[in-house]
Every structure is written in structure tokens, then in C-alpha cells.
Amino acid sequence: MIADKENAGVNPNVMLFSPPKNAKLGPSSGLGGVKGSKKKMETLQCERFCKGIILEFGQVNVDSHNTIKFAMYNPDQSKTAVMEFDTTRNTKGFNVVLGDGSVDQYKLSPGQKGSGVVTWNPVSNMTVATKLHLTLNLGDKESRLEITVKGVAGSGKVRKMAKRSCDPTRHYVHIHID
């Protein structure tokens, strides 16, 4: 017997399933596919003593790049937050752009939201977990905001250089001349 909506009520052994009318079919819908997950964008609170954010890049090929966007928010109701990326530290191929990248110092007015982007361009195999720092000026107080970045580049294994050792068959003599 072929079941249809008209005959479903006649036979108690027949059950019909219809997806909701507003369901979106596809691999992420959970209907006939794997349920997808949408990752929430991290938000960096631009205030003193704030907890930083963690951005996980996962596996990235060497000599390619991956980019993760993050949100920023100035919760202070009276002071403008001024941020600047600290470029003096070794960043292992990570770079931070605040806003549209047109200025060195990014400003958020009281209560304002903004955004930033971290790009990772690894040039060698490595596994990395490091902190990127932003200098925050809020009124007359300066502090540091942290973005922890994690990822694996290429194989993740760092190639070690061969150690040079002394030749045990040679005798070494130190000469001091006064």
C-alpha cells in the first residue's frame, strides 16, 4: 500500500513525516544530512582587566593563510577606548587589523561596537599557542588586551637542526697571550 496524506488516517499502522514548512533543506539542516554548527564570533571587551579572547585556527597549510574575525565592544559609558596592535613582539605569522585597517590607532566611542581580524600566514611547520597584545588607552589609564591564538601549521612538527658536536679524536688547546 502506498501511504499518502489522504489515506494516513484510514490505516493506523501508517505514519507520515513532513518537515516543517519553513525548514531549510540541505546538509546543515539536520534533515537528511549532518547537522552543522555555526561558531559564535568572539567579542573582545575593551576595558581594563578584561578577560581576553581565544581564536582557534585549527589546521592551516604552510604558505597559505586563514582569517578569523572578532567583535569588539567598549562598555564604558563615558570614555573612548583607543587600541593599537603591539607589533614589537614575535607574532609567529599572525597579524591583527582593527576596524578597516586605515588607521594605526582604532577608537571606539563609549558604548560603541567594532570589529577586528586576525590573519595567520605560517611559513613553516609548527604548533602554536601564543598571545597577541593590543595596547588599550581608556581615559588616562593604559592596559593590555590579549588575544590568544592557537593553531597547527602544516604537519605541526618543527624540523630540528642537527647539533654540532666536538670531535673526540681531536685535542683542543686554549692559548692565552698576555
# chains A, B, ... in the order shown; residues from 1 in each chain; ligands from 1
>>> residues_around(residues="Thr80 (chain A)", least_positions_apart="6", cutoff="7 Å", atoms="only C-alpha atoms", output="PyMOL selection string")
chain A and resi 107-110+138-139
>>> write_last_selection(atoms="C-alpha atoms", output="compact mmCIF listing (two decimals), in the first residue's frame")
# COMPACT_ATOMS: atom_id res chain seq x y z
CA LYS A 107 38.92 54.23 18.51
CA LEU A 108 35.61 53.09 19.94
CA SER A 109 33.35 55.72 21.46
CA PRO A 110 31.50 54.94 24.72
CA LEU A 138 40.91 54.29 28.26
CA GLY A 139 40.93 57.84 29.52
>>> residues_around(residues="Lys150 (chain A)", least_positions_apart="6", cutoff="8 Å", atoms="only C-alpha atoms", output="PyMOL selection string")
chain A and resi 54-58+127-130
>>> write_last_selection(atoms="C-alpha atoms", output="short mmCIF file (atom, residue, chain, number, x, y, z; two decimals), in the first residue's frame")
data_model
loop_
_atom_site.label_atom_id
_atom_site.label_comp_id
_atom_site.auth_asym_id
_atom_site.auth_seq_id
_atom_site.Cartn_x
_atom_site.Cartn_y
_atom_site.Cartn_z
CA ILE A 54 40.76 32.79 22.27
CA LEU A 55 40.82 32.27 18.50
CA GLU A 56 41.42 28.73 17.26
CA PHE A 57 42.69 28.46 13.70
CA GLY A 58 42.87 24.68 13.51
CA THR A 127 52.11 24.05 16.51
CA VAL A 128 51.42 27.39 18.13
CA ALA A 129 49.62 28.82 21.12
CA THR A 130 50.63 32.41 21.74
#
>>> residues_around(residues="Ser124 (chain A)", least_positions_apart="2", cutoff="8 Å", atoms="only C-alpha atoms", output="compact mmCIF listing (two decimals) with C-alpha atoms, in the first residue's frame")
# COMPACT_ATOMS: atom_id res chain seq x y z
CA VAL A 62 52.23 26.35 5.27
CA ASP A 63 52.48 29.37 2.90
CA PRO A 122 52.53 30.44 8.65
CA MET A 126 54.65 24.47 13.78
CA ALA A 153 50.69 24.83 10.52
CA GLY A 154 51.46 22.07 8.03
CA VAL A 158 59.14 21.58 13.86
>>> residues_around(residues="Tyr73 (chain A)", least_positions_apart="6", cutoff="9 Å", atoms="only C-alpha atoms", output="ChimeraX atom specification")
/A:43-47,108,110-115
>>> write_last_selection(atoms="N, CA and C atoms", output="PDB file, in the first residue's frame")
ATOM      1  N   THR A  43      33.928  38.089  21.227  1.00  0.00           N
ATOM      2  CA  THR A  43      33.854  39.527  21.460  1.00  0.00           C
ATOM      3  C   THR A  43      34.904  39.937  22.484  1.00  0.00           C
ATOM      4  N   LEU A  44      35.743  40.891  22.104  1.00  0.00           N
ATOM      5  CA  LEU A  44      36.776  41.431  22.977  1.00  0.00           C
ATOM      6  C   LEU A  44      36.220  42.664  23.678  1.00  0.00           C
ATOM      7  N   GLN A  45      36.109  42.586  25.006  1.00  0.00           N
ATOM      8  CA  GLN A  45      35.646  43.725  25.797  1.00  0.00           C
ATOM      9  C   GLN A  45      36.805  44.694  25.954  1.00  0.00           C
ATOM     10  N   CYS A  46      36.654  45.903  25.499  1.00  0.00           N
ATOM     11  CA  CYS A  46      37.722  46.905  25.538  1.00  0.00           C
ATOM     12  C   CYS A  46      37.648  47.680  26.848  1.00  0.00           C
ATOM     13  N   GLU A  47      38.067  47.013  27.918  1.00  0.00           N
ATOM     14  CA  GLU A  47      38.074  47.622  29.243  1.00  0.00           C
ATOM     15  C   GLU A  47      39.253  47.067  30.026  1.00  0.00           C
ATOM     16  N   LEU A 108      37.012  53.436  19.727  1.00  0.00           N
ATOM     17  CA  LEU A 108      35.609  53.091  19.939  1.00  0.00           C
ATOM     18  C   LEU A 108      35.037  54.072  20.957  1.00  0.00           C
ATOM     19  N   PRO A 110      32.216  55.630  23.639  1.00  0.00           N
ATOM     20  CA  PRO A 110      31.502  54.941  24.721  1.00  0.00           C
ATOM     21  C   PRO A 110      30.304  54.155  24.192  1.00  0.00           C
ATOM     22  N   GLY A 111      30.232  52.875  24.565  1.00  0.00           N
ATOM     23  CA  GLY A 111      29.119  52.021  24.159  1.00  0.00           C
ATOM     24  C   GLY A 111      29.176  51.530  22.711  1.00  0.00           C
ATOM     25  N   GLN A 112      30.183  51.894  21.969  1.00  0.00           N
ATOM     26  CA  GLN A 112      30.268  51.551  20.543  1.00  0.00           C
ATOM     27  C   GLN A 112      30.829  50.147  20.326  1.00  0.00           C
ATOM     28  N   LYS A 113      30.378  49.522  19.234  1.00  0.00           N
ATOM     29  CA  LYS A 113      30.879  48.214  18.822  1.00  0.00           C
ATOM     30  C   LYS A 113      31.759  48.382  17.599  1.00  0.00           C
ATOM     31  N   GLY A 114      32.701  47.472  17.439  1.00  0.00           N
ATOM     32  CA  GLY A 114      33.586  47.475  16.282  1.00  0.00           C
ATOM     33  C   GLY A 114      34.005  46.057  15.968  1.00  0.00           C
ATOM     34  N   SER A 115      35.003  45.939  15.116  1.00  0.00           N
ATOM     35  CA  SER A 115      35.463  44.602  14.769  1.00  0.00           C
ATOM     36  C   SER A 115      36.947  44.619  14.436  1.00  0.00           C
TER      37      SER A 115
END
>>> closest_residue(among="A:Ser78, A:Ser155, A:Asn95, A:Thr87", to="Asn121 (chain A)", atoms="only C-alpha atoms")
A:Asn95
